[in-house]
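For reference, my_file.cif is printed below; it contains mmCIF, C-alpha atoms and all ligand atoms.
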```cif
data_coords
loop_
_atom_site.label_atom_id
_atom_site.label_comp_id
_atom_site.auth_asym_id
_atom_site.auth_seq_id
_atom_site.Cartn_x
_atom_site.Cartn_y
_atom_site.Cartn_z
CA MET A 1 -85.74 19.35 -112.56
CA LYS A 2 -88.13 18.88 -115.41
CA ILE A 3 -87.46 16.61 -118.36
CA THR A 4 -89.53 16.99 -121.50
CA THR A 5 -89.68 13.30 -122.17
CA LEU A 6 -90.68 11.27 -125.15
CA LYS A 7 -92.79 9.18 -122.78
CA ASN A 8 -95.30 12.04 -122.61
CA VAL A 9 -95.89 12.32 -126.34
CA LYS A 10 -99.47 11.19 -126.79
CA ASN A 11 -99.76 9.99 -130.35
CA LEU A 12 -96.73 8.82 -132.26
CA LYS A 13 -98.59 6.87 -134.91
CA ASN A 14 -97.39 7.86 -138.39
CA LYS A 15 -95.31 10.71 -136.97
CA VAL A 16 -91.92 11.23 -138.56
CA VAL A 17 -89.43 11.26 -135.67
CA PHE A 18 -85.91 12.56 -136.17
CA LEU A 19 -83.92 10.60 -133.59
CA ARG A 20 -80.41 11.85 -132.77
CA VAL A 21 -78.40 9.03 -131.24
CA ASP A 22 -74.78 8.59 -130.27
CA PHE A 23 -73.71 5.49 -132.16
CA ASN A 24 -70.13 6.69 -132.32
CA VAL A 25 -68.66 3.20 -132.01
CA ALA A 26 -65.21 1.82 -132.73
CA LEU A 27 -64.88 0.04 -136.07
CA ASN A 28 -62.48 -2.74 -136.90
CA LYS A 29 -61.91 -3.74 -140.52
CA GLY A 30 -65.19 -2.14 -141.54
CA LYS A 31 -67.22 -3.81 -138.78
CA VAL A 32 -68.57 -2.58 -135.47
CA ALA A 33 -66.04 -3.62 -132.83
CA GLU A 34 -68.07 -2.70 -129.71
CA ASP A 35 -71.84 -2.42 -129.87
CA TYR A 36 -72.81 -1.37 -126.33
CA ARG A 37 -73.82 2.11 -127.52
CA LEU A 38 -76.21 0.52 -129.98
CA VAL A 39 -77.59 -1.85 -127.37
CA ALA A 40 -78.15 1.12 -125.04
CA GLY A 41 -80.09 2.92 -127.77
CA LEU A 42 -82.49 0.06 -128.56
CA GLU A 43 -85.03 0.95 -125.89
CA THR A 44 -85.90 4.32 -127.42
CA ILE A 45 -85.96 2.91 -130.94
CA ASN A 46 -88.28 0.06 -129.96
CA PHE A 47 -90.49 2.47 -128.00
CA LEU A 48 -90.95 4.54 -131.16
CA LEU A 49 -91.43 1.63 -133.55
CA GLU A 50 -93.95 -0.11 -131.29
CA ARG A 51 -96.04 3.06 -131.30
CA GLY A 52 -96.05 3.27 -135.06
CA ALA A 53 -93.65 6.18 -135.53
CA ARG A 54 -91.69 6.57 -138.77
CA VAL A 55 -88.16 6.78 -137.41
CA VAL A 56 -85.18 8.57 -138.98
CA VAL A 57 -82.05 7.73 -136.99
CA ALA A 58 -78.95 9.92 -137.24
CA THR A 59 -75.53 9.79 -135.58
CA HIS A 60 -72.01 11.02 -136.04
CA LEU A 61 -69.12 8.60 -136.31
CA GLY A 62 -65.55 9.69 -135.58
CA ASP A 63 -64.41 13.09 -136.67
CA PRO A 64 -64.49 13.51 -140.48
CA LYS A 65 -64.52 17.31 -140.05
CA GLY A 66 -67.32 18.08 -142.50
CA LYS A 67 -65.92 15.96 -145.31
CA ILE A 68 -66.85 12.57 -146.69
CA VAL A 69 -64.41 10.00 -145.28
CA LYS A 70 -65.29 6.56 -146.65
CA GLU A 71 -63.93 4.68 -143.63
CA LEU A 72 -66.30 6.62 -141.37
CA SER A 73 -69.49 5.66 -143.16
CA VAL A 74 -72.36 4.73 -140.85
CA LYS A 75 -73.25 1.75 -143.05
CA PRO A 76 -71.64 -0.91 -140.81
CA VAL A 77 -73.46 0.64 -137.85
CA ALA A 78 -76.78 0.37 -139.70
CA LEU A 79 -76.03 -3.30 -140.43
CA ARG A 80 -75.32 -4.05 -136.79
CA LEU A 81 -78.42 -2.15 -135.71
CA LYS A 82 -80.47 -4.30 -138.06
CA ALA A 83 -79.04 -7.44 -136.49
CA LEU A 84 -79.75 -6.20 -132.97
CA LEU A 85 -83.28 -4.99 -133.72
CA LYS A 86 -84.12 -8.00 -135.87
CA LYS A 87 -85.95 -5.55 -138.12
CA PRO A 88 -85.10 -3.94 -141.45
CA VAL A 89 -82.94 -0.79 -141.24
CA LYS A 90 -82.86 1.14 -144.44
CA PHE A 91 -79.51 2.90 -144.80
CA ILE A 92 -79.42 6.06 -146.92
CA PRO A 93 -75.87 7.05 -147.86
CA GLU A 94 -76.65 10.78 -147.62
CA VAL A 95 -77.28 13.22 -144.77
CA VAL A 96 -79.70 15.59 -146.50
CA GLY A 97 -81.09 15.95 -150.02
CA GLU A 98 -83.45 14.37 -152.48
CA LYS A 99 -82.61 10.73 -151.74
CA VAL A 100 -83.23 11.29 -148.06
CA ASN A 101 -86.51 13.11 -148.68
CA LYS A 102 -87.73 10.39 -151.01
CA ALA A 103 -86.89 7.66 -148.49
CA ILE A 104 -88.71 9.47 -145.69
CA SER A 105 -91.76 10.03 -147.87
CA ILE A 106 -92.17 6.28 -148.44
CA LEU A 107 -91.27 5.23 -144.88
CA LYS A 108 -94.24 3.53 -143.21
CA ALA A 109 -95.48 3.50 -139.63
CA GLY A 110 -93.23 1.31 -137.47
CA GLU A 111 -90.36 1.46 -139.98
CA LEU A 112 -86.88 2.80 -139.50
CA MET A 113 -84.19 4.33 -141.67
CA MET A 114 -80.70 5.55 -140.91
CA LEU A 115 -78.82 8.50 -142.38
CA GLU A 116 -75.14 8.76 -143.25
CA ASN A 117 -72.59 10.27 -140.79
CA LEU A 118 -73.87 13.73 -139.76
CA ARG A 119 -70.31 15.05 -139.61
CA PHE A 120 -69.83 14.43 -143.34
CA HIS A 121 -71.71 17.72 -143.65
CA PRO A 122 -69.86 20.92 -142.65
CA GLY A 123 -73.10 22.48 -141.39
CA GLU A 124 -73.27 19.96 -138.54
CA LEU A 125 -70.09 21.24 -136.90
CA THR A 126 -70.90 24.94 -137.35
CA ASN A 127 -74.42 24.52 -135.95
CA ASP A 128 -75.68 25.88 -139.27
CA LYS A 129 -79.36 26.82 -139.21
CA LYS A 130 -79.96 26.22 -142.89
CA PHE A 131 -78.52 22.72 -142.67
CA ALA A 132 -80.50 22.01 -139.50
CA LYS A 133 -83.71 23.12 -141.16
CA GLU A 134 -83.11 20.81 -144.09
CA LEU A 135 -82.20 17.94 -141.78
CA VAL A 136 -85.56 17.99 -140.00
CA ALA A 137 -87.73 19.46 -142.78
CA GLN A 138 -89.96 16.39 -142.98
CA ALA A 139 -89.96 15.48 -139.33
CA ASP A 140 -92.82 16.09 -136.89
CA ILE A 141 -90.82 15.77 -133.73
CA TYR A 142 -87.18 15.68 -132.66
CA VAL A 143 -85.88 13.24 -130.07
CA ASN A 144 -82.42 13.59 -128.53
CA ASP A 145 -80.96 10.36 -127.14
CA ALA A 146 -77.33 11.46 -127.55
CA PHE A 147 -76.26 12.81 -124.15
CA ALA A 148 -72.58 12.41 -125.10
CA VAL A 149 -72.78 15.32 -127.57
CA CYS A 150 -75.02 17.63 -125.55
CA HIS A 151 -72.07 19.81 -124.49
CA ARG A 152 -71.46 20.63 -128.16
CA GLU A 153 -72.99 23.40 -130.20
CA GLN A 154 -73.82 21.33 -133.28
CA ALA A 155 -76.70 21.43 -135.75
CA SER A 156 -78.30 18.06 -134.95
CA VAL A 157 -78.25 18.76 -131.21
CA VAL A 158 -78.90 22.50 -131.06
CA ALA A 159 -80.04 24.32 -134.23
CA VAL A 160 -82.65 21.70 -135.15
CA LYS A 161 -84.65 22.63 -132.06
CA SER A 162 -85.68 25.95 -133.67
CA PHE A 163 -87.84 24.05 -136.13
CA LEU A 164 -89.86 21.41 -134.29
CA PRO A 165 -90.85 20.18 -130.82
CA ALA A 166 -87.96 18.52 -128.97
CA TYR A 167 -88.01 15.63 -126.49
CA ALA A 168 -85.57 13.63 -124.41
CA GLY A 169 -85.08 10.02 -125.48
CA LEU A 170 -85.34 7.31 -122.82
CA LEU A 171 -81.56 6.85 -122.53
CA LEU A 172 -80.84 10.55 -122.26
CA GLU A 173 -83.53 10.83 -119.61
CA LYS A 174 -81.97 8.04 -117.56
CA GLU A 175 -78.51 9.57 -117.87
CA VAL A 176 -79.72 12.95 -116.61
CA ILE A 177 -81.57 11.36 -113.69
CA ALA A 178 -78.46 9.34 -112.74
CA LEU A 179 -76.15 12.36 -112.92
CA ASN A 180 -78.53 14.38 -110.78
CA LYS A 181 -78.24 11.76 -108.07
CA VAL A 182 -74.61 12.77 -107.85
CA LEU A 183 -75.36 16.47 -107.84
CA LYS A 184 -77.86 15.98 -105.01
CA PRO A 185 -76.21 13.02 -103.35
CA THR A 186 -77.22 10.81 -100.48
CA LYS A 187 -74.24 11.41 -98.22
CA PRO A 188 -71.48 10.45 -97.67
CA LEU A 189 -70.45 11.17 -101.27
CA VAL A 190 -67.04 9.77 -102.19
CA VAL A 191 -65.46 10.81 -105.48
CA ILE A 192 -62.61 8.85 -107.04
CA MET A 193 -60.67 10.61 -109.75
CA GLY A 194 -57.73 9.51 -111.83
CA GLY A 195 -56.75 9.32 -115.45
CA ALA A 196 -54.65 11.67 -117.44
CA LYS A 197 -55.81 15.17 -118.35
CA ILE A 198 -56.18 17.36 -115.29
CA SER A 199 -57.61 20.30 -117.25
CA THR A 200 -60.77 18.26 -117.94
CA LYS A 201 -61.03 16.98 -114.35
CA ALA A 202 -60.17 19.96 -112.15
CA PRO A 203 -63.57 21.67 -112.63
CA LEU A 204 -65.30 18.52 -111.38
CA ILE A 205 -63.11 18.32 -108.29
CA THR A 206 -63.94 21.96 -107.57
CA LYS A 207 -67.65 21.44 -108.11
CA LEU A 208 -68.06 18.25 -106.07
CA TYR A 209 -65.72 19.43 -103.30
CA LYS A 210 -68.53 21.07 -101.36
CA THR A 211 -70.80 18.03 -101.17
CA ALA A 212 -68.15 15.28 -101.13
CA SER A 213 -66.78 13.75 -97.96
CA GLN A 214 -63.58 12.70 -99.70
CA ILE A 215 -62.06 13.06 -103.14
CA LEU A 216 -59.65 10.19 -103.66
CA LEU A 217 -57.00 10.82 -106.30
CA GLY A 218 -54.92 8.45 -108.37
CA GLY A 219 -53.51 7.99 -111.84
CA ALA A 220 -51.41 10.57 -113.60
CA LEU A 221 -53.77 13.14 -112.09
CA ALA A 222 -52.20 12.57 -108.67
CA ASN A 223 -48.71 13.06 -110.15
CA ASN A 224 -49.52 16.72 -110.65
CA PHE A 225 -50.11 17.06 -106.92
CA PHE A 226 -46.87 15.22 -106.09
CA LYS A 227 -45.02 17.50 -108.47
CA TYR A 228 -46.57 20.56 -106.85
CA GLN A 229 -45.35 19.26 -103.49
CA LYS A 230 -41.87 19.00 -105.03
CA LEU A 231 -41.74 15.25 -104.54
CA GLU A 232 -39.52 13.28 -106.92
CA ILE A 233 -41.73 11.74 -109.62
CA GLY A 234 -38.98 10.66 -112.00
CA LYS A 235 -40.24 10.22 -115.53
CA SER A 236 -43.91 10.01 -114.50
CA LEU A 237 -46.55 11.53 -116.70
CA PHE A 238 -47.66 14.96 -115.48
CA ASP A 239 -48.95 18.14 -116.99
CA ALA A 240 -46.54 21.07 -116.62
CA ASP A 241 -49.30 23.57 -117.43
CA SER A 242 -51.47 22.26 -114.65
CA LEU A 243 -49.61 23.50 -111.61
CA ALA A 244 -51.64 26.72 -111.43
CA GLU A 245 -54.76 24.54 -111.49
CA VAL A 246 -53.39 22.30 -108.74
CA LYS A 247 -52.37 25.31 -106.61
CA LYS A 248 -56.06 26.17 -106.16
CA PHE A 249 -56.46 23.07 -104.02
CA TYR A 250 -53.74 24.16 -101.58
CA GLN A 251 -53.63 26.76 -98.89
CA GLY A 252 -49.93 27.47 -98.66
CA LYS A 253 -48.41 24.00 -98.40
CA LYS A 254 -51.55 22.40 -97.03
CA LEU A 255 -53.76 20.39 -99.33
CA ALA A 256 -57.53 20.89 -98.99
CA SER A 257 -58.60 18.45 -96.30
CA LYS A 258 -61.06 16.39 -98.32
CA ILE A 259 -58.59 15.67 -101.12
CA ILE A 260 -56.79 12.43 -100.43
CA LEU A 261 -53.57 11.50 -102.23
CA PRO A 262 -52.01 8.04 -102.57
CA LEU A 263 -49.74 6.96 -99.71
CA ASP A 264 -47.77 4.57 -101.89
CA VAL A 265 -47.41 3.89 -105.59
CA VAL A 266 -46.18 1.24 -108.00
CA VAL A 267 -43.35 2.42 -110.22
CA LYS A 268 -41.69 1.05 -113.30
CA THR A 269 -38.04 0.90 -112.30
CA ARG A 270 -35.09 1.72 -114.54
CA LYS A 271 -34.79 -2.03 -115.19
CA GLY A 272 -38.41 -2.12 -116.33
CA THR A 273 -39.71 -4.08 -113.34
CA ALA A 274 -42.55 -3.08 -111.03
CA ALA A 275 -41.84 -1.94 -107.45
CA VAL A 276 -43.92 -0.48 -104.62
CA ARG A 277 -42.63 2.82 -103.22
CA TYR A 278 -43.67 5.38 -100.66
CA LEU A 279 -43.85 8.82 -102.18
CA ASN A 280 -40.50 9.93 -100.80
CA GLU A 281 -38.77 6.87 -102.27
CA VAL A 282 -39.41 7.36 -105.98
CA LYS A 283 -36.15 7.64 -107.88
CA SER A 284 -35.30 9.72 -110.92
CA GLY A 285 -35.69 7.59 -114.02
CA GLU A 286 -38.71 5.77 -112.54
CA SER A 287 -42.34 6.22 -113.59
CA ILE A 288 -45.33 6.11 -111.25
CA LEU A 289 -47.85 3.86 -113.00
CA ASP A 290 -50.28 2.71 -110.29
CA ILE A 291 -51.45 3.28 -106.73
CA GLY A 292 -49.92 0.98 -104.11
CA PRO A 293 -51.45 -1.57 -101.67
CA GLU A 294 -51.64 0.78 -98.66
CA THR A 295 -53.49 3.29 -100.79
CA ILE A 296 -55.95 0.63 -101.93
CA ALA A 297 -56.58 -0.27 -98.28
CA LEU A 298 -57.10 3.38 -97.32
CA TYR A 299 -59.37 4.12 -100.28
CA SER A 300 -61.40 0.98 -99.63
CA LYS A 301 -62.28 2.29 -96.13
CA TYR A 302 -63.71 5.46 -97.61
CA ILE A 303 -65.50 3.61 -100.41
CA LYS A 304 -67.11 1.19 -97.96
CA ALA A 305 -68.56 4.11 -95.98
CA ALA A 306 -70.05 5.89 -98.99
CA HIS A 307 -73.71 6.12 -99.94
CA THR A 308 -72.95 7.80 -103.25
CA LEU A 309 -69.88 6.92 -105.32
CA VAL A 310 -68.51 8.60 -108.41
CA TRP A 311 -65.52 7.20 -110.22
CA ASN A 312 -63.84 8.76 -113.24
CA GLY A 313 -60.32 8.03 -114.40
CA PRO A 314 -58.13 4.92 -114.00
CA MET A 315 -55.78 4.76 -110.99
CA GLY A 316 -52.85 3.90 -113.23
CA LYS A 317 -51.70 2.59 -116.56
CA PHE A 318 -54.03 -0.40 -116.28
CA GLU A 319 -53.41 -1.37 -119.91
CA GLU A 320 -50.07 -2.84 -118.71
CA ALA A 321 -50.56 -6.03 -116.69
CA SER A 322 -48.10 -5.07 -113.92
CA PHE A 323 -49.91 -1.79 -113.30
CA LYS A 324 -53.56 -2.77 -113.50
CA HIS A 325 -54.13 -3.85 -109.90
CA GLY A 326 -54.96 -0.49 -108.33
CA THR A 327 -57.54 0.32 -111.01
CA LEU A 328 -59.13 -3.13 -110.90
CA ALA A 329 -59.24 -3.10 -107.09
CA ILE A 330 -61.08 0.23 -107.17
CA ALA A 331 -63.42 -1.08 -109.87
CA LEU A 332 -64.29 -4.12 -107.74
CA LEU A 333 -64.78 -2.04 -104.61
CA VAL A 334 -67.07 0.42 -106.37
CA ALA A 335 -69.06 -2.34 -108.06
CA SER A 336 -69.51 -4.33 -104.86
CA ARG A 337 -70.72 -1.30 -102.90
CA ALA A 338 -72.98 -0.01 -105.69
CA SER A 339 -76.47 -1.33 -106.53
CA GLY A 340 -77.63 -1.49 -102.96
CA LYS A 341 -75.52 0.06 -100.26
CA ALA A 342 -74.52 3.04 -102.39
CA PHE A 343 -75.56 4.69 -105.62
CA GLY A 344 -72.59 4.15 -107.92
CA LEU A 345 -71.76 6.11 -111.04
CA VAL A 346 -68.79 5.18 -113.20
CA GLY A 347 -67.88 7.24 -116.26
CA GLY A 348 -65.17 7.87 -118.82
CA GLY A 349 -63.93 5.94 -121.84
CA GLU A 350 -60.97 4.14 -120.27
CA THR A 351 -62.60 3.96 -116.84
CA VAL A 352 -65.51 1.98 -118.26
CA GLU A 353 -63.07 -0.26 -120.15
CA ALA A 354 -61.34 -1.03 -116.86
CA LEU A 355 -64.66 -1.68 -115.12
CA ARG A 356 -65.61 -4.13 -117.86
CA LEU A 357 -62.46 -6.15 -117.20
CA THR A 358 -63.94 -7.02 -113.79
CA LYS A 359 -67.16 -8.32 -115.39
CA MET A 360 -68.97 -6.47 -112.59
CA GLU A 361 -70.36 -3.54 -114.57
CA GLN A 362 -73.92 -4.77 -114.13
CA TYR A 363 -73.60 -3.99 -110.41
CA VAL A 364 -72.90 -0.33 -111.01
CA ASP A 365 -76.05 1.79 -110.96
CA TRP A 366 -75.06 3.96 -113.90
CA VAL A 367 -72.21 3.39 -116.33
CA SER A 368 -71.74 6.49 -118.44
CA THR A 369 -69.94 6.44 -121.75
CA ALA A 370 -70.61 10.14 -122.23
CA GLY A 371 -67.04 11.21 -121.31
CA GLY A 372 -66.68 14.95 -121.83
CA ALA A 373 -70.43 15.61 -121.65
CA MET A 374 -70.66 13.82 -118.31
CA LEU A 375 -67.77 15.85 -116.87
CA THR A 376 -69.29 19.08 -118.23
CA TYR A 377 -72.74 18.33 -116.82
CA LEU A 378 -71.44 17.35 -113.39
CA SER A 379 -69.18 20.41 -113.28
CA GLY A 380 -72.12 22.71 -113.99
CA GLY A 381 -70.86 23.66 -117.46
CA LYS A 382 -72.97 24.63 -120.47
CA MET A 383 -75.09 21.90 -122.09
CA PRO A 384 -76.69 23.52 -125.15
CA GLY A 385 -78.07 20.15 -126.26
CA LEU A 386 -80.28 20.00 -123.17
CA VAL A 387 -81.88 23.43 -123.63
CA LYS A 388 -85.68 23.04 -124.05
CA ILE A 389 -85.39 19.36 -123.03
CA VAL A 390 -84.12 19.52 -119.45
CA SER A 391 -84.77 22.47 -117.16
CA LYS A 392 -83.82 23.09 -113.56
P1 LIG B 1 -61.29 8.44 -118.91
O1 LIG B 1 -61.36 8.36 -120.41
O2 LIG B 1 -61.82 7.22 -118.26
O3 LIG B 1 -61.89 9.71 -118.37
P2 LIG B 1 -58.60 9.47 -119.04
O4 LIG B 1 -58.76 9.63 -120.51
O5 LIG B 1 -58.52 10.70 -118.21
O6 LIG B 1 -59.75 8.50 -118.47
O7 LIG B 1 -57.27 8.65 -118.73
C1 LIG B 1 -57.10 7.32 -119.05
C2 LIG B 1 -55.68 6.98 -119.32
O8 LIG B 1 -54.83 7.46 -118.31
C3 LIG B 1 -55.48 5.50 -119.36
O9 LIG B 1 -55.25 5.09 -120.70
C4 LIG B 1 -54.29 5.23 -118.46
O10 LIG B 1 -53.33 4.39 -119.03
C5 LIG B 1 -53.71 6.60 -118.25
N1 LIG B 1 -53.05 6.72 -116.96
C6 LIG B 1 -53.59 6.69 -115.75
N2 LIG B 1 -52.67 6.81 -114.80
C7 LIG B 1 -51.48 6.89 -115.42
C8 LIG B 1 -50.14 7.04 -114.97
N3 LIG B 1 -49.83 7.10 -113.69
N4 LIG B 1 -49.18 7.12 -115.90
C9 LIG B 1 -49.49 7.03 -117.22
N5 LIG B 1 -50.72 6.90 -117.70
C10 LIG B 1 -51.71 6.83 -116.81
MG MG B 2 -60.09 8.93 -121.99
#
```
Represent the supplied structure as structure tokens.
Ligand code: ADP
Ligand code: MG
Amino acid sequence: MKITTLKNVKNLKNKVVFLRVDFNVALNKGKVAEDYRLVAGLETINFLLERGARVVVATHLGDPKGKIVKELSVKPVALRLKALLKKPVKFIPEVVGEKVNKAISILKAGELMMLENLRFHPGELTNDKKFAKELVAQADIYVNDAFAVCHREQASVVAVKSFLPAYAGLLLEKEVIALNKVLKPTKPLVVIMGGAKISTKAPLITKLYKTASQILLGGALANNFFKYQKLEIGKSLFDADSLAEVKKFYQGKKLASKIILPLDVVVKTRKGTAAVRYLNEVKSGESILDIGPETIALYSKYIKAAHTLVWNGPMGKFEEASFKHGTLAIALLVASRASGKAFGLVGGGETVEALRLTKMEQYVDWVSTAGGAMLTYLSGGKMPGLVKIVSK
């Protein structure tokens, strides 16, 4: 694998760098609620500023669908970035146009400015060449530090690369290196998958099946397998359209040997209480909301033997206190094995939220917030944002 990295750019002094970041953070009452994406992006920004580049930072925020949506302005993000950097951040409330051009022309070496939400412009979403050209017209080089959008065909990640040299930012580079450790794992590789939407997860199970020793399932994802086996799952969440997808993992009635299903689960009973059940004991009217204690014990044996660990998708509805234990137990097991005995990768929006609850995330080798892009990359899907930046 070859990464065309920003680290190899010889002279950045006075160069205008168009830096695409993923600062798509949650806002609360007009303020940044969670700033870890900004913190993660600081390294590349400081690298550029220290070398005297003139930095134009651009991100999307939410999904305004090509229209101006006041609540999705990047301004609060620029303010938080300023506080984190302890340096001025000039916010320009436009994406392209005269104001932007003027601001870039007076930007000095080692200074930084930030554009408005890229998705306020319809050209971003259609990967429009004309828009892309205008976006980077004054830039000397393009740096992509936004791995989370690299599976999308959008102007600031794809079309811009027709107009200027493109490089991987330091964060994007680290993400790619971490994900490749899973694709070429130190064995045994143990994959833990849960969460909700099977359609987004099945390709990853298929892809990692060959190299994995075990794929441990939980969450609503496992319900689809129970349903396929005609077990009673009561009112549990499952995806009726997924059964064809699930069928691929069976030969007749026999589940592929490396796929491991929960032995027991925690249900919400008709009275609303929590109860542990074996799979043949779930009653109609009950919902499976967590993996049970025997399952945790079984999964922990596999996790403790692993040298590479991948975890995506909570083991249950961990947002409800009675059903968080399976997910938190897995989080603790993965974190305690990672950073030493095994290489540990944890990814996915809710999965990372659950990991944070343990306060152990610093022990995980790579915590990915790239969601869909991470799943796409690991499954071998198309990553147009990485073309010209990362090659096999
Ligand atoms: P991620 O974003 O980490 O990839 P998903 O989006 O696939 O994860 O799924 C996360 C959600 O799945 C969580 O909000 C969790 O409450 C829900 N979930 C997991 N297991 C169950 C279950 N058995 N029943 C209902 N919801 C579940
Ligand atoms: Mg999610």
Radius query 7 Å about (-75.2, 7.0, -112.6), atoms used: all atoms listed in the file, as a list in words: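 Residues close enough to count: Glu175, Ala178, Leu179, Gly344, Leu345, Val346, Asp365, Trp366, Val367 and Ser368 of chain A.
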task: Just give me the gap between CA of Leu38 (chain A) and CA of Ala78 (chain A) in Å, one decimal is fine.
output: 9.7 Å
(-95.0, 2.1, -140.8) in this file's frame - what residues fall within 7 Å of it? Use all atoms listed in the file and give the answer as a short mmCIF file (atom, residue, chain, number, x, y, z; two decimals) with C-alpha atoms, keeping the file's coordinate frame.
```cif
data_model
loop_
_atom_site.label_atom_id
_atom_site.label_comp_id
_atom_site.auth_asym_id
_atom_site.auth_seq_id
_atom_site.Cartn_x
_atom_site.Cartn_y
_atom_site.Cartn_z
CA ASN A 14 -97.39 7.86 -138.39
CA GLY A 52 -96.05 3.27 -135.06
CA ALA A 53 -93.65 6.18 -135.53
CA ARG A 54 -91.69 6.57 -138.77
CA LEU A 107 -91.27 5.23 -144.88
CA LYS A 108 -94.24 3.53 -143.21
CA ALA A 109 -95.48 3.50 -139.63
CA GLY A 110 -93.23 1.31 -137.47
CA GLU A 111 -90.36 1.46 -139.98
#
```
message: Let me make sure I understand: among A:Gly380, A:Gly385, A:Gly340, A:Pro314, which one has the smallest atom-to-atom distance to ligand LIG 1 (chain B) if we use all atoms listed in the file?
response: A:Pro314
- request: Would you mind reading off the distance between CA of Thr308 (chain A) and CA of Ile389 (chain A), one decimal, in Å?
  value: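 Between CA of Thr308 (chain A) and CA of Ile389 (chain A) the gap works out to 26.1 Å.
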message: I want to know what sits within 9 Å of region 247-255 of chain A, based on only C-alpha atoms, with residues of the same chain fewer than 6 positions away left out; could you give that as a PyMOL selection string?
response: chain A and resi 206+225+228-229
field: Within-9 Å residues of ligand MG 2 (chain B), basis all atoms listed in the file, as a ChimeraX atom specification
entry: /A:195-197,313,348-351,371-372
May I have the residues from that selection written out with C-alpha atoms, as a compact mmCIF listing (two decimals), in the frame of the given file?
```txt
# COMPACT_ATOMS: atom_id res chain seq x y z
CA GLY A 195 -56.75 9.32 -115.45
CA ALA A 196 -54.65 11.67 -117.44
CA LYS A 197 -55.81 15.17 -118.35
CA GLY A 313 -60.32 8.03 -114.40
CA GLY A 348 -65.17 7.87 -118.82
CA GLY A 349 -63.93 5.94 -121.84
CA GLU A 350 -60.97 4.14 -120.27
CA THR A 351 -62.60 3.96 -116.84
CA GLY A 371 -67.04 11.21 -121.31
CA GLY A 372 -66.68 14.95 -121.83
```
- prompt: Residues within 9 Å of ligand LIG 1 (chain B) (all atoms listed in the file), as a PyMOL selection string?
  reply: chain A and resi 193-198+200-201+218-223+236-238+266-267+287-291+311-320+323+327+346-354+369+371-372+375
For the selection just defined, write its residues with C-alpha atoms to a file, as a CSV table (one decimal), keeping the file's coordinate frame.
```
chain,number,residue,atom,x,y,z
A,193,MET,CA,-60.7,10.6,-109.8
A,194,GLY,CA,-57.7,9.5,-111.8
A,195,GLY,CA,-56.8,9.3,-115.4
A,196,ALA,CA,-54.6,11.7,-117.4
A,197,LYS,CA,-55.8,15.2,-118.4
A,198,ILE,CA,-56.2,17.4,-115.3
A,200,THR,CA,-60.8,18.3,-117.9
A,201,LYS,CA,-61.0,17.0,-114.4
A,218,GLY,CA,-54.9,8.4,-108.4
A,219,GLY,CA,-53.5,8.0,-111.8
A,220,ALA,CA,-51.4,10.6,-113.6
A,221,LEU,CA,-53.8,13.1,-112.1
A,222,ALA,CA,-52.2,12.6,-108.7
A,223,ASN,CA,-48.7,13.1,-110.2
A,236,SER,CA,-43.9,10.0,-114.5
A,237,LEU,CA,-46.6,11.5,-116.7
A,238,PHE,CA,-47.7,15.0,-115.5
A,266,VAL,CA,-46.2,1.2,-108.0
A,267,VAL,CA,-43.4,2.4,-110.2
A,287,SER,CA,-42.3,6.2,-113.6
A,288,ILE,CA,-45.3,6.1,-111.2
A,289,LEU,CA,-47.8,3.9,-113.0
A,290,ASP,CA,-50.3,2.7,-110.3
A,291,ILE,CA,-51.4,3.3,-106.7
A,311,TRP,CA,-65.5,7.2,-110.2
A,312,ASN,CA,-63.8,8.8,-113.2
A,313,GLY,CA,-60.3,8.0,-114.4
A,314,PRO,CA,-58.1,4.9,-114.0
A,315,MET,CA,-55.8,4.8,-111.0
A,316,GLY,CA,-52.8,3.9,-113.2
A,317,LYS,CA,-51.7,2.6,-116.6
A,318,PHE,CA,-54.0,-0.4,-116.3
A,319,GLU,CA,-53.4,-1.4,-119.9
A,320,GLU,CA,-50.1,-2.8,-118.7
A,323,PHE,CA,-49.9,-1.8,-113.3
A,327,THR,CA,-57.5,0.3,-111.0
A,346,VAL,CA,-68.8,5.2,-113.2
A,347,GLY,CA,-67.9,7.2,-116.3
A,348,GLY,CA,-65.2,7.9,-118.8
A,349,GLY,CA,-63.9,5.9,-121.8
A,350,GLU,CA,-61.0,4.1,-120.3
A,351,THR,CA,-62.6,4.0,-116.8
A,352,VAL,CA,-65.5,2.0,-118.3
A,353,GLU,CA,-63.1,-0.3,-120.2
A,354,ALA,CA,-61.3,-1.0,-116.9
A,369,THR,CA,-69.9,6.4,-121.8
A,371,GLY,CA,-67.0,11.2,-121.3
A,372,GLY,CA,-66.7,15.0,-121.8
A,375,LEU,CA,-67.8,15.8,-116.9
```
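Shortest separation to Val95 (chain A) among A:Leu279, A:Ala132, A:Leu183, A:Leu12 occurs at residue A:Ala132, atoms counted being all atoms listed in the file.
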- request: Check the smallest atom-to-atom distance from each of A:Phe91, A:Tyr142, A:Phe343, A:Phe163 to Lys184 (chain A) using all atoms listed in the file, then report the winner.
  value: A:Phe343
field: Using only C-alpha atoms: which of A:Val74, A:Val157, A:Ile45, A:Val89 has the shortest distance to Pro384 (chain A)
entry: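 Closest to Pro384 (chain A) of all the choices is A:Val157.
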- prompt: Which residue out of A:Lys31, A:Lys392, A:Arg51, A:Lys304 has the minimum interatomic distance to Leu189 (chain A) when all atoms listed in the file are used?
  reply: A:Lys304
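Using all atoms listed in the file for every distance, the candidate list A:Ile233, A:Ile303, A:Val190, A:Val390 yields A:Val390 as the residue closest to Leu6 (chain A).
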